[in-house]
file target31.cif (mmCIF, C-alpha atoms)
data_model
#
loop_
_atom_site.group_PDB
_atom_site.id
_atom_site.type_symbol
_atom_site.label_atom_id
_atom_site.label_comp_id
_atom_site.auth_asym_id
_atom_site.auth_seq_id
_atom_site.Cartn_x
_atom_site.Cartn_y
_atom_site.Cartn_z
ATOM 1 C CA MET T 1 78.111 82.660 112.758
ATOM 2 C CA ASP T 2 75.020 84.735 112.017
ATOM 3 C CA SER T 3 74.544 86.762 108.839
ATOM 4 C CA GLY T 4 75.095 90.084 110.688
ATOM 5 C CA ALA T 5 78.561 88.995 111.805
ATOM 6 C CA ILE T 6 79.434 87.853 108.293
ATOM 7 C CA ARG T 7 78.311 91.203 106.855
ATOM 8 C CA ARG T 8 80.401 93.105 109.434
ATOM 9 C CA ARG T 9 83.507 91.061 108.591
ATOM 10 C CA LEU T 10 82.985 91.564 104.862
ATOM 11 C CA ALA T 11 82.521 95.310 105.386
ATOM 12 C CA LEU T 12 85.699 95.485 107.471
ATOM 13 C CA GLY T 13 87.646 93.560 104.825
ATOM 14 C CA LEU T 14 86.374 95.865 102.093
ATOM 15 C CA ALA T 15 87.316 98.934 104.160
ATOM 16 C CA VAL T 16 90.850 97.616 104.680
ATOM 17 C CA LEU T 17 91.275 96.859 100.975
ATOM 18 C CA THR T 18 89.965 100.306 100.016
ATOM 19 C CA ALA T 19 92.281 102.052 102.476
ATOM 20 C CA SER T 20 95.325 100.101 101.275
ATOM 21 C CA GLY T 21 94.424 100.932 97.664
ATOM 22 C CA LEU T 22 94.209 104.632 98.512
ATOM 23 C CA LEU T 23 97.599 104.476 100.229
ATOM 24 C CA ALA T 24 99.130 102.771 97.201
ATOM 25 C CA VAL T 25 97.861 105.573 94.935
ATOM 26 C CA ALA T 26 98.976 108.332 97.323
ATOM 27 C CA ALA T 27 102.521 107.086 97.978
ATOM 28 C CA PRO T 28 103.378 103.855 96.124
ATOM 29 C CA GLY T 29 106.868 103.251 97.546
ATOM 30 C CA GLU T 30 106.020 104.105 101.127
ATOM 31 C CA ALA T 31 102.737 102.206 101.095
ATOM 32 C CA GLN T 32 104.430 99.088 99.707
ATOM 33 C CA ALA T 33 107.178 99.195 102.327
ATOM 34 C CA ALA T 34 104.754 99.911 105.157
ATOM 35 C CA ALA T 35 102.286 97.219 104.106
ATOM 36 C CA SER T 36 104.930 94.524 103.761
ATOM 37 C CA ALA T 37 106.811 95.568 106.898
ATOM 38 C CA SER T 38 103.900 95.632 109.286
ATOM 39 C CA CYS T 39 103.989 94.189 112.757
ATOM 40 C CA PRO T 40 100.913 93.467 114.848
ATOM 41 C CA GLY T 41 100.193 95.615 117.866
ATOM 42 C CA ARG T 42 100.931 99.201 118.725
ATOM 43 C CA LYS T 43 104.147 101.047 118.012
ATOM 44 C CA VAL T 44 106.048 101.516 121.276
ATOM 45 C CA ARG T 45 109.443 102.772 120.066
ATOM 46 C CA THR T 46 111.140 104.340 117.086
ATOM 47 C CA LEU T 47 114.918 103.935 117.014
ATOM 48 C CA PRO T 48 116.331 106.257 114.323
ATOM 49 C CA PHE T 49 119.911 106.108 113.068
ATOM 50 C CA SER T 50 121.885 107.660 110.217
ATOM 51 C CA THR T 51 120.742 105.329 107.409
ATOM 52 C CA GLY T 52 117.401 104.012 108.677
ATOM 53 C CA THR T 53 114.952 103.432 111.491
ATOM 54 C CA VAL T 54 113.910 100.476 113.635
ATOM 55 C CA LEU T 55 110.200 100.415 114.452
ATOM 56 C CA VAL T 56 109.191 98.427 117.543
ATOM 57 C CA TYR T 57 105.689 97.103 118.185
ATOM 58 C CA LYS T 58 104.171 95.297 121.148
ATOM 59 C CA ARG T 59 101.058 93.151 121.432
ATOM 60 C CA GLY T 60 100.326 91.016 124.430
ATOM 61 C CA GLY T 61 103.633 89.486 125.443
ATOM 62 C CA TYR T 62 105.088 89.705 121.919
ATOM 63 C CA VAL T 63 107.588 92.262 120.628
ATOM 64 C CA CYS T 64 108.014 92.753 116.886
ATOM 65 C CA ALA T 65 110.552 94.924 115.023
ATOM 66 C CA VAL T 66 111.367 95.970 111.493
ATOM 67 C CA THR T 67 114.269 98.009 110.075
ATOM 68 C CA LEU T 68 113.364 100.536 107.367
ATOM 69 C CA THR T 69 115.897 102.211 105.093
ATOM 70 C CA LYS T 70 115.950 105.964 104.480
ATOM 71 C CA LYS T 71 116.599 105.310 100.762
ATOM 72 C CA PRO T 72 114.037 102.707 99.629
ATOM 73 C CA GLY T 73 114.378 100.972 96.293
ATOM 74 C CA VAL T 74 118.133 100.344 96.403
ATOM 75 C CA LYS T 75 119.227 96.919 97.657
ATOM 76 C CA ARG T 76 121.530 97.281 100.634
ATOM 77 C CA LYS T 77 122.725 95.043 103.417
ATOM 78 C CA MET T 78 120.146 95.291 106.221
ATOM 79 C CA SER T 79 119.319 93.506 109.427
ATOM 80 C CA VAL T 80 116.985 93.569 112.393
ATOM 81 C CA SER T 81 117.318 91.619 115.622
ATOM 82 C CA VAL T 82 115.109 91.197 118.700
ATOM 83 C CA GLN T 83 116.298 89.353 121.788
ATOM 84 C CA ALA T 84 114.258 88.719 124.923
ATOM 85 C CA ARG T 85 116.418 88.588 128.042
ATOM 86 C CA GLY T 86 117.454 84.978 128.656
ATOM 87 C CA SER T 87 116.756 83.892 125.066
ATOM 88 C CA ARG T 88 118.632 83.866 121.767
ATOM 89 C CA PRO T 89 118.088 86.729 119.326
ATOM 90 C CA VAL T 90 115.758 86.360 116.349
ATOM 91 C CA VAL T 91 117.456 87.899 113.298
ATOM 92 C CA ASP T 92 116.568 88.769 109.723
ATOM 93 C CA GLU T 93 119.497 89.881 107.594
ATOM 94 C CA GLY T 94 120.297 90.112 103.923
ATOM 95 C CA ARG T 95 120.241 92.476 100.946
ATOM 96 C CA PHE T 96 116.884 94.229 100.845
ATOM 97 C CA ALA T 97 115.469 97.241 98.988
ATOM 98 C CA TYR T 98 112.906 98.398 101.571
ATOM 99 C CA HIS T 99 113.123 96.698 104.960
ATOM 100 C CA ALA T 100 114.509 93.864 107.056
ATOM 101 C CA GLY T 101 112.006 91.919 109.110
ATOM 102 C CA PRO T 102 109.593 91.811 110.668
ATOM 103 C CA VAL T 103 110.943 89.609 113.448
ATOM 104 C CA MET T 104 108.936 88.699 116.531
ATOM 105 C CA VAL T 105 109.698 87.187 119.920
ATOM 106 C CA HIS T 106 107.616 86.300 122.932
ATOM 107 C CA ALA T 107 109.100 88.410 125.679
ATOM 108 C CA GLY T 108 106.329 88.255 128.263
ATOM 109 C CA ARG T 109 107.419 90.833 130.834
ATOM 110 C CA ARG T 110 111.131 90.440 130.100
ATOM 111 C CA CYS T 111 113.366 93.185 128.739
ATOM 112 C CA VAL T 112 114.304 93.092 125.058
ATOM 113 C CA TRP T 113 117.414 94.193 123.144
ATOM 114 C CA LEU T 114 116.902 95.467 119.592
ATOM 115 C CA LYS T 115 119.452 96.002 116.857
ATOM 116 C CA GLY T 116 119.096 97.364 113.354
ATOM 117 C CA ARG T 117 121.524 98.001 110.504
ATOM 118 C CA VAL T 118 121.294 99.539 107.040
ATOM 119 C CA GLY T 119 124.626 99.705 105.191
ATOM 120 C CA GLN T 120 127.186 101.283 107.517
ATOM 121 C CA GLY T 121 124.629 102.800 109.928
ATOM 122 C CA SER T 122 123.275 100.907 112.915
ATOM 123 C CA VAL T 123 121.470 101.176 116.226
ATOM 124 C CA SER T 124 121.519 99.061 119.374
ATOM 125 C CA SER T 125 118.911 99.754 122.048
ATOM 126 C CA GLY T 126 120.311 98.144 125.158
ATOM 127 C CA TRP T 127 117.741 96.437 127.418
ATOM 128 C CA ILE T 128 114.395 98.237 127.026
ATOM 129 C CA LEU T 129 110.656 97.682 127.565
ATOM 130 C CA CYS T 130 111.286 96.135 130.967
#
call {"tool": "encode", "arguments": {"input": "target31.cif", "output": "structure tokens"}}
result
Amino acid sequence: MDSGAIRRRLALGLAVLTASGLLAVAAPGEAQAAASASCPGRKVRTLPFSTGTVLVYKRGGYVCAVTLTKKPGVKRKMSVSVQARGSRPVVDEGRFAYHAGPVMVHAGRRCVWLKGRVGQGSVSSGWILC
């Protein structure tokens, strides 16, 4: 690797650290939840429900999801599940203060079924992203 490539990578790393620091100062709770609940790729769906939201990301043949609560900071029973058609679901569930997940599956070009729950509220997508 030449010195120009190393400098570019160092500059990119510094920019990312600076941006995350600015987010932490601007909105500490939201930045912490967003930073720890990130999925790779681009956001393709938002599935809101009464007590939270499931965010769905896609990159290549992978689908990733995370459930966020509307009331961060209070531990509540939460879960997120992603299932590619023909496969078993990948689930993260427990008592969390900010989010459940992320969970990721390789779906290729298959449909996926997403579920999310925070307390008594929940959402189920049906087969999507086909």
call {"tool": "resolve_selection", "arguments": {"input": "target31.cif", "expression": "the PyMOL selection byres ((chain T and resi 72) around 8)", "output": "list in words"}}
result
Gly29, Thr69, Lys70, Lys71, Gly73, Val74, Ala97 and Tyr98 of chain T
call {"tool": "write_last_selection", "arguments": {"input": "target31.cif", "atoms": "C-alpha atoms", "output": "PDB file, in the coordinates of the input"}}
result
ATOM      1  CA  GLY T  29     106.868 103.251  97.546  1.00  0.00           C
ATOM      2  CA  THR T  69     115.897 102.211 105.093  1.00  0.00           C
ATOM      3  CA  LYS T  70     115.950 105.964 104.480  1.00  0.00           C
ATOM      4  CA  LYS T  71     116.599 105.310 100.762  1.00  0.00           C
ATOM      5  CA  GLY T  73     114.378 100.972  96.293  1.00  0.00           C
ATOM      6  CA  VAL T  74     118.133 100.344  96.403  1.00  0.00           C
ATOM      7  CA  ALA T  97     115.469  97.241  98.988  1.00  0.00           C
ATOM      8  CA  TYR T  98     112.906  98.398 101.571  1.00  0.00           C
TER       9      TYR T  98
END
call {"tool": "residues_around", "arguments": {"input": "target31.cif", "residues": "Phe96 in chain T", "least_positions_apart": "5", "cutoff": "9 Å", "atoms": "all atoms listed in the file", "output": "ChimeraX atom specification"}}
result
/T:73-79
call {"tool": "atom_distance", "arguments": {"input": "target31.cif", "atom1": "CA of Gly94 in chain T", "atom2": "CA of Arg59 in chain T"}}
result
26.2 Å
call {"tool": "resolve_selection", "arguments": {"input": "target31.cif", "expression": "the PyMOL selection byres ((chain T and resi 99-111) around 8)", "output": "VMD selection string"}}
result
chain T and resid 33 37 to 39 60 to 69 78 to 85 90 to 94 96 to 98 112 to 113 127 to 130
call {"tool": "resolve_selection", "arguments": {"input": "target31.cif", "expression": "the PyMOL selection byres ((chain T and resi 124) around 6)", "output": "number ranges by chain"}}
result
T: 114-115, 123, 125-126
call {"tool": "atom_distance", "arguments": {"input": "target31.cif", "atom1": "CA of Gly52 in chain T", "atom2": "CA of Pro89 in chain T"}}
result
20.3 Å
call {"tool": "atom_distance", "arguments": {"input": "target31.cif", "atom1": "CA of Lys58 in chain T", "atom2": "CA of Arg95 in chain T"}}
result
26.0 Å
call {"tool": "axis_aligned_box", "arguments": {"input": "target31.cif", "around": "range 66-81 of chain T", "padding_each_side": "8 Å", "output": "lines of an AutoDock Vina configuration file"}}
result
center_x = 117.0
center_y = 98.8
center_z = 106.0
size_x = 27.4
size_y = 30.3
size_z = 35.3
call {"tool": "decode", "arguments": {"input": "target31.cif", "residues": "range 74-86 of chain T", "atoms": "all heavy atoms", "output": "PDB file, in the first residue's frame"}}
result
ATOM      1  N   VAL T  74     -34.966   3.165  29.112  1.00  0.00           N
ATOM      2  CA  VAL T  74     -35.708   2.307  30.027  1.00  0.00           C
ATOM      3  C   VAL T  74     -35.649   0.881  29.481  1.00  0.00           C
ATOM      4  O   VAL T  74     -36.048   0.638  28.345  1.00  0.00           O
ATOM      5  CB  VAL T  74     -37.183   2.769  30.152  1.00  0.00           C
ATOM      6  CG1 VAL T  74     -37.959   1.858  31.068  1.00  0.00           C
ATOM      7  CG2 VAL T  74     -37.248   4.213  30.615  1.00  0.00           C
ATOM      8  N   LYS T  75     -35.154  -0.053  30.288  1.00  0.00           N
ATOM      9  CA  LYS T  75     -35.078  -1.443  29.822  1.00  0.00           C
ATOM     10  C   LYS T  75     -36.474  -2.026  29.665  1.00  0.00           C
ATOM     11  O   LYS T  75     -37.287  -1.968  30.584  1.00  0.00           O
ATOM     12  CB  LYS T  75     -34.263  -2.297  30.792  1.00  0.00           C
ATOM     13  CG  LYS T  75     -32.790  -2.105  30.648  1.00  0.00           C
ATOM     14  CD  LYS T  75     -32.040  -3.213  31.334  1.00  0.00           C
ATOM     15  CE  LYS T  75     -30.574  -3.098  30.973  1.00  0.00           C
ATOM     16  NZ  LYS T  75     -29.813  -4.206  31.507  1.00  0.00           N
ATOM     17  N   ARG T  76     -36.715  -2.548  28.467  1.00  0.00           N
ATOM     18  CA  ARG T  76     -37.993  -3.178  28.151  1.00  0.00           C
ATOM     19  C   ARG T  76     -37.724  -4.428  27.341  1.00  0.00           C
ATOM     20  O   ARG T  76     -36.669  -4.581  26.740  1.00  0.00           O
ATOM     21  CB  ARG T  76     -38.870  -2.224  27.327  1.00  0.00           C
ATOM     22  CG  ARG T  76     -39.107  -0.903  28.012  1.00  0.00           C
ATOM     23  CD  ARG T  76     -39.910   0.010  27.167  1.00  0.00           C
ATOM     24  NE  ARG T  76     -41.274  -0.486  27.099  1.00  0.00           N
ATOM     25  CZ  ARG T  76     -42.217   0.060  26.351  1.00  0.00           C
ATOM     26  NH1 ARG T  76     -41.953   1.095  25.612  1.00  0.00           N
ATOM     27  NH2 ARG T  76     -43.432  -0.430  26.338  1.00  0.00           N
ATOM     28  N   LYS T  77     -38.695  -5.306  27.300  1.00  0.00           N
ATOM     29  CA  LYS T  77     -38.564  -6.507  26.485  1.00  0.00           C
ATOM     30  C   LYS T  77     -38.653  -6.087  25.019  1.00  0.00           C
ATOM     31  O   LYS T  77     -39.617  -5.429  24.611  1.00  0.00           O
ATOM     32  CB  LYS T  77     -39.661  -7.502  26.827  1.00  0.00           C
ATOM     33  CG  LYS T  77     -39.472  -8.822  26.149  1.00  0.00           C
ATOM     34  CD  LYS T  77     -40.438  -9.867  26.637  1.00  0.00           C
ATOM     35  CE  LYS T  77     -40.167 -11.170  25.919  1.00  0.00           C
ATOM     36  NZ  LYS T  77     -41.034 -12.230  26.392  1.00  0.00           N
ATOM     37  N   MET T  78     -37.623  -6.449  24.243  1.00  0.00           N
ATOM     38  CA  MET T  78     -37.565  -6.097  22.822  1.00  0.00           C
ATOM     39  C   MET T  78     -37.091  -7.284  22.011  1.00  0.00           C
ATOM     40  O   MET T  78     -36.398  -8.154  22.525  1.00  0.00           O
ATOM     41  CB  MET T  78     -36.569  -4.956  22.581  1.00  0.00           C
ATOM     42  CG  MET T  78     -36.956  -3.622  23.082  1.00  0.00           C
ATOM     43  SD  MET T  78     -35.755  -2.429  22.476  1.00  0.00           S
ATOM     44  CE  MET T  78     -35.637  -1.390  23.910  1.00  0.00           C
ATOM     45  N   SER T  79     -37.448  -7.259  20.735  1.00  0.00           N
ATOM     46  CA  SER T  79     -36.943  -8.290  19.831  1.00  0.00           C
ATOM     47  C   SER T  79     -36.942  -7.781  18.402  1.00  0.00           C
ATOM     48  O   SER T  79     -37.650  -6.840  18.061  1.00  0.00           O
ATOM     49  CB  SER T  79     -37.796  -9.565  19.919  1.00  0.00           C
ATOM     50  OG  SER T  79     -39.087  -9.331  19.419  1.00  0.00           O
ATOM     51  N   VAL T  80     -36.117  -8.424  17.592  1.00  0.00           N
ATOM     52  CA  VAL T  80     -36.084  -8.199  16.157  1.00  0.00           C
ATOM     53  C   VAL T  80     -35.799  -9.547  15.511  1.00  0.00           C
ATOM     54  O   VAL T  80     -35.058 -10.361  16.055  1.00  0.00           O
ATOM     55  CB  VAL T  80     -35.041  -7.129  15.751  1.00  0.00           C
ATOM     56  CG1 VAL T  80     -33.639  -7.570  16.096  1.00  0.00           C
ATOM     57  CG2 VAL T  80     -35.172  -6.770  14.283  1.00  0.00           C
ATOM     58  N   SER T  81     -36.425  -9.780  14.369  1.00  0.00           N
ATOM     59  CA  SER T  81     -36.282 -11.055  13.677  1.00  0.00           C
ATOM     60  C   SER T  81     -36.270 -10.819  12.175  1.00  0.00           C
ATOM     61  O   SER T  81     -37.069 -10.040  11.665  1.00  0.00           O
ATOM     62  CB  SER T  81     -37.463 -11.960  14.049  1.00  0.00           C
ATOM     63  OG  SER T  81     -37.532 -13.076  13.195  1.00  0.00           O
ATOM     64  N   VAL T  82     -35.352 -11.499  11.480  1.00  0.00           N
ATOM     65  CA  VAL T  82     -35.290 -11.459  10.019  1.00  0.00           C
ATOM     66  C   VAL T  82     -35.238 -12.890   9.526  1.00  0.00           C
ATOM     67  O   VAL T  82     -34.414 -13.682   9.988  1.00  0.00           O
ATOM     68  CB  VAL T  82     -34.051 -10.699   9.508  1.00  0.00           C
ATOM     69  CG1 VAL T  82     -34.042 -10.656   7.993  1.00  0.00           C
ATOM     70  CG2 VAL T  82     -33.994  -9.300  10.069  1.00  0.00           C
ATOM     71  N   GLN T  83     -36.120 -13.212   8.599  1.00  0.00           N
ATOM     72  CA  GLN T  83     -36.167 -14.561   8.031  1.00  0.00           C
ATOM     73  C   GLN T  83     -36.174 -14.479   6.519  1.00  0.00           C
ATOM     74  O   GLN T  83     -37.051 -13.846   5.938  1.00  0.00           O
ATOM     75  CB  GLN T  83     -37.413 -15.304   8.505  1.00  0.00           C
ATOM     76  CG  GLN T  83     -37.526 -16.694   7.932  1.00  0.00           C
ATOM     77  CD  GLN T  83     -38.780 -17.415   8.399  1.00  0.00           C
ATOM     78  OE1 GLN T  83     -39.600 -16.845   9.122  1.00  0.00           O
ATOM     79  NE2 GLN T  83     -38.931 -18.656   7.987  1.00  0.00           N
ATOM     80  N   ALA T  84     -35.199 -15.107   5.877  1.00  0.00           N
ATOM     81  CA  ALA T  84     -35.209 -15.235   4.423  1.00  0.00           C
ATOM     82  C   ALA T  84     -36.103 -16.421   4.074  1.00  0.00           C
ATOM     83  O   ALA T  84     -36.096 -17.432   4.789  1.00  0.00           O
ATOM     84  CB  ALA T  84     -33.799 -15.462   3.898  1.00  0.00           C
ATOM     85  N   ARG T  85     -36.879 -16.288   3.009  1.00  0.00           N
ATOM     86  CA  ARG T  85     -37.787 -17.363   2.623  1.00  0.00           C
ATOM     87  C   ARG T  85     -37.006 -18.658   2.415  1.00  0.00           C
ATOM     88  O   ARG T  85     -36.001 -18.686   1.736  1.00  0.00           O
ATOM     89  CB  ARG T  85     -38.549 -16.996   1.348  1.00  0.00           C
ATOM     90  CG  ARG T  85     -39.611 -18.022   0.996  1.00  0.00           C
ATOM     91  CD  ARG T  85     -40.469 -17.570  -0.139  1.00  0.00           C
ATOM     92  NE  ARG T  85     -41.471 -16.642   0.391  1.00  0.00           N
ATOM     93  CZ  ARG T  85     -42.461 -16.133  -0.328  1.00  0.00           C
ATOM     94  NH1 ARG T  85     -42.566 -16.427  -1.609  1.00  0.00           N
ATOM     95  NH2 ARG T  85     -43.322 -15.323   0.206  1.00  0.00           N
ATOM     96  N   GLY T  86     -37.471 -19.725   3.072  1.00  0.00           N
ATOM     97  CA  GLY T  86     -36.812 -21.024   2.984  1.00  0.00           C
ATOM     98  C   GLY T  86     -35.773 -21.256   4.062  1.00  0.00           C
ATOM     99  O   GLY T  86     -35.174 -22.321   4.114  1.00  0.00           O
TER     100      GLY T  86
END
